[in-house]
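Colleague: Pasting a structure here, questions to come.
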Amino acid sequence: MSISGVLAVALEGLGRKKGRNLLTMSGVLIGVFALTLIVSLGEGLAQAVTGTMSGTDNLRQIGLTGGFGIELSDKPQDVSIEGEMSDERRERLKRAAINRRQIRQVAGRRANNVDDATIERLKSLPHVERITPVIVERYQLQLGEYAVPATLTCGVDTSRRRYEERLIAGRYFSAPDAPEVILHEYLLYKWGLLSDADYSTVLGKTLTLNTIQTDAAAPPVPPAQLQELMKDLNEEERKALQSALPKVLKQFGMLPGERKAEQRQFKVVGVLRESLPGDVFNVIEDGNSVQVDVFLPQESARDFFLSSSVNRELGYPRAIVMADTPENAPALEQELRDKGYTAFSVASVLEQIETMLTVITTSIAFLTGIALLVSTLGIVNTMITSVLERTREIGIMKSVGATDSQVMGVFLAESALIGLVGGLLGLGLAALAMIPGDAIALKMVAERAAIPYSGDVFVLPLWLAVSGPALGMVTAVVAAILPARRAARIDPVKALRHD
């Protein structure tokens with residue numbers, strides 16, 4: 001019996017019990033369908049993350065904030081506890097060391113601030129291309145008849161001209177220290193300015209920014225943490241602390257009436273639109289400017305920011321360290337942590353996210369794969385029933401010269417066809433389900449995410465399209481091995497006598 005003959009007999013056998021074979025096939029279909037959807041969703045999320053975050057600049061950037069002088073590390077395997085002690089104590093101390101090395105920014109006085117002296121000192125580290133302070137501050141705004149009690153501003157590195165492509169009116173900054181501003185279109189929308197003609201009415205006008213002042217008549221109010229501490233003090237200690245409080249607040253320019261109001265005037269030169277899908281997204285820079293209404297040149301923003309004695313004392317909220325290559329960013333990140341600063345790189349965050357997505361996708365895919373395992377029981381039952389029903393047929397095949405391997409091949413071919421067809425149907429249904437799934441998921445992303453995304457949420461790579469049906473076929477063949485071997489061992493004489 002040739003291979004084509006084996007396939008012909010297998011197809012004939014499948015056609016006799018269409019209903020039962022279709023039910024058996026449905027188990028493979030459901031398993032491949034669910035597995036394909038889950039894995040394609042994981043692939044889509046992974047590509048969305050890497051596509052958004054893996055640009056060259058992103059992978060070279062490190063976010064830097066002040067620290068507490070504590071060495072930080074995300075590698076618990078580097079921690080070792082030396083000395084003679086019980087295993088239990090060694091484990092406790094190791095866990096304590098790991099917790100201290102993985103501490104993140106919390107409230108409290110920092111040991112290391114990010115200021116101009118810090119930036120100059122850190123520029124000498126190996127693999128540092130440049131360090132740029134992030135200038136984000138709130139000011140009172142006045143533009144003709146329009147006033148805003150507190151608006152968020154951000155300094156822009158004009159040399160890179162990153163935001164120029166998002167201009168929808170006016171021009172870009174003329175110099176890093178120019179007294180110019182670019183307004184976000186959402187700020188103008190809140191003022192009722194909606195059209196290009198409306199935008200032209202603000203271009204060239206003078207915008208005034210004032211530092212936000214507290215009510216001079218209000219008494220100094222201790223911070224919430226200090227108020228909580230005062231609850232535990234006795235009356236004498238509380239009075240002593242309250243008498244010293246004005247001196248402390250005055251030292252930092254926080255006492256009402258002590259802070260000198262600063263005012264700067266700028267010329268409105270442009271209007272910036274919100275980011276769109278396809279725009280270059282910089283995780284750290286654009287993450288800092290998501291809610292910004294007023295953009296200033298970097299040096300102008302720095303000069304205004306440092307006019308405050310409090311800002312000069314506390315330093316910049318954060319800075320961006322640019323490594324010379326993406327490969328050197330993780331090592332530079334760790335070196336900054338070793339110096340007691342809080343640092344994170346996009347590369348390390350991306351690695352953590354990819355690992356998390358892989359673990360989640362693999363776990364869910366494993367659970368979904370149980371449906372395929374369950375389908376094997378149906379295939380085993382179908383094949384055993386088929387062997388019992390076709391005992392006489394098997395005897396006839398063997399009496400006319402069919403070998404044991406050929407008989408076994410007939411039943412394995414039947415099972416393989418069930419798995420292959422079920423897998424292909426499952427793959428097809430999954431591909432169809434991805435169309436509305438993508439539309440729904442992208443709508444949810446558009447409504448809730450601050451970052452525009454134009455890719456697909458479900459991604460069906462070629463390897464998955466091939467492996468899905470192949471896995472269904474392999475599962476079916478494995479499930480049919482024992483029933484097929486049983487069929488091959490049937491004695492032809494007894495089989496011919498079988499009624």
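Note on naming: chains are A, B, ... as they come in the structure tokens, residues start from 1 per chain, ligands start from 1 in the order shown.
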So that I can see what lies close to Asp196 (chain A), please list as a PyMOL selection string the residues with an atom at most 10 Å from it, counting only C-alpha atoms and leaving out residues fewer than 3 positions away in the same chain.
Modeller: chain A and resi 168-169+193+199-201+271
Colleague: Write a file of the just-selected residues containing C-alpha atoms, as a PDB file, in the first residue's frame.
Modeller:
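Output file selection06.pdb follows:
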```pdb
ATOM      1  CA  ILE A 168       0.957  74.319  13.793  1.00  0.00           C
ATOM      2  CA  ALA A 169       1.378  78.092  13.952  1.00  0.00           C
ATOM      3  CA  LEU A 193      -9.200  79.889  20.668  1.00  0.00           C
ATOM      4  CA  TYR A 199      -3.908  81.340  16.962  1.00  0.00           C
ATOM      5  CA  SER A 200      -2.564  84.242  14.920  1.00  0.00           C
ATOM      6  CA  THR A 201      -4.114  86.689  17.400  1.00  0.00           C
ATOM      7  CA  VAL A 271       1.675  77.089  18.886  1.00  0.00           C
TER       8      VAL A 271
END
```
Colleague: Could you pull out the strand (DSSP E or B) residues of region 241-370 of chain A, going by DSSP on the backbone, and write them as a list in words?
Modeller: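 The residues of region 241-370 of chain A classed as strand (DSSP E or B) are Gln263, Arg264, Gln265, Phe266, Lys267, Val268, Val269, Gly270, Val271, Leu272, Val294, Phe295, Leu296, Pro297, Tyr316, Arg318, Ala319, Ile320, Val321, Met322, Ala323, Thr342, Ala343, Phe344 and Ser345 of chain A.
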Colleague: Tell me, in Å to one decimal, how far CA of Ala347 (chain A) is from CA of Val128 (chain A).
Modeller: 15.5 Å
Colleague: So that I can check the surroundings of Gly42 (chain A), please list as JSON, numbers by chain every protein, DNA and RNA residue that reaches within 12 Å of it, counting only C-alpha atoms and ignoring chain neighbours fewer than 2 positions away.
Modeller: {"A": [35, 36, 37, 38, 39, 40, 44, 45, 46, 47, 48, 49, 353, 354, 355, 356, 357, 358, 359, 360, 361, 362, 363, 364, 365, 456, 457, 458, 459, 460, 461, 464]}
Colleague: For a test of reading the model, state the distance in Å between CA of Met408 (chain A) and CA of Leu424 (chain A), rounded to one decimal.
Modeller: 24.2 Å
Colleague: Looking only at helix (DSSP H, G or I) from DSSP on the backbone, list the matching residues of region 333-391 of chain A as an MDAnalysis selection string.
Modeller: chainID A and resid 333:338 346:368 370:389 391
Colleague: Out of A:Asn288, A:Ser243, A:Asn311, A:Ser275, which residue has the shortest atom-to-atom distance to Thr211 (chain A) when counting only C-alpha atoms?
Modeller: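 Of the candidates, the smallest distance to Thr211 (chain A) is held by A:Asn311.
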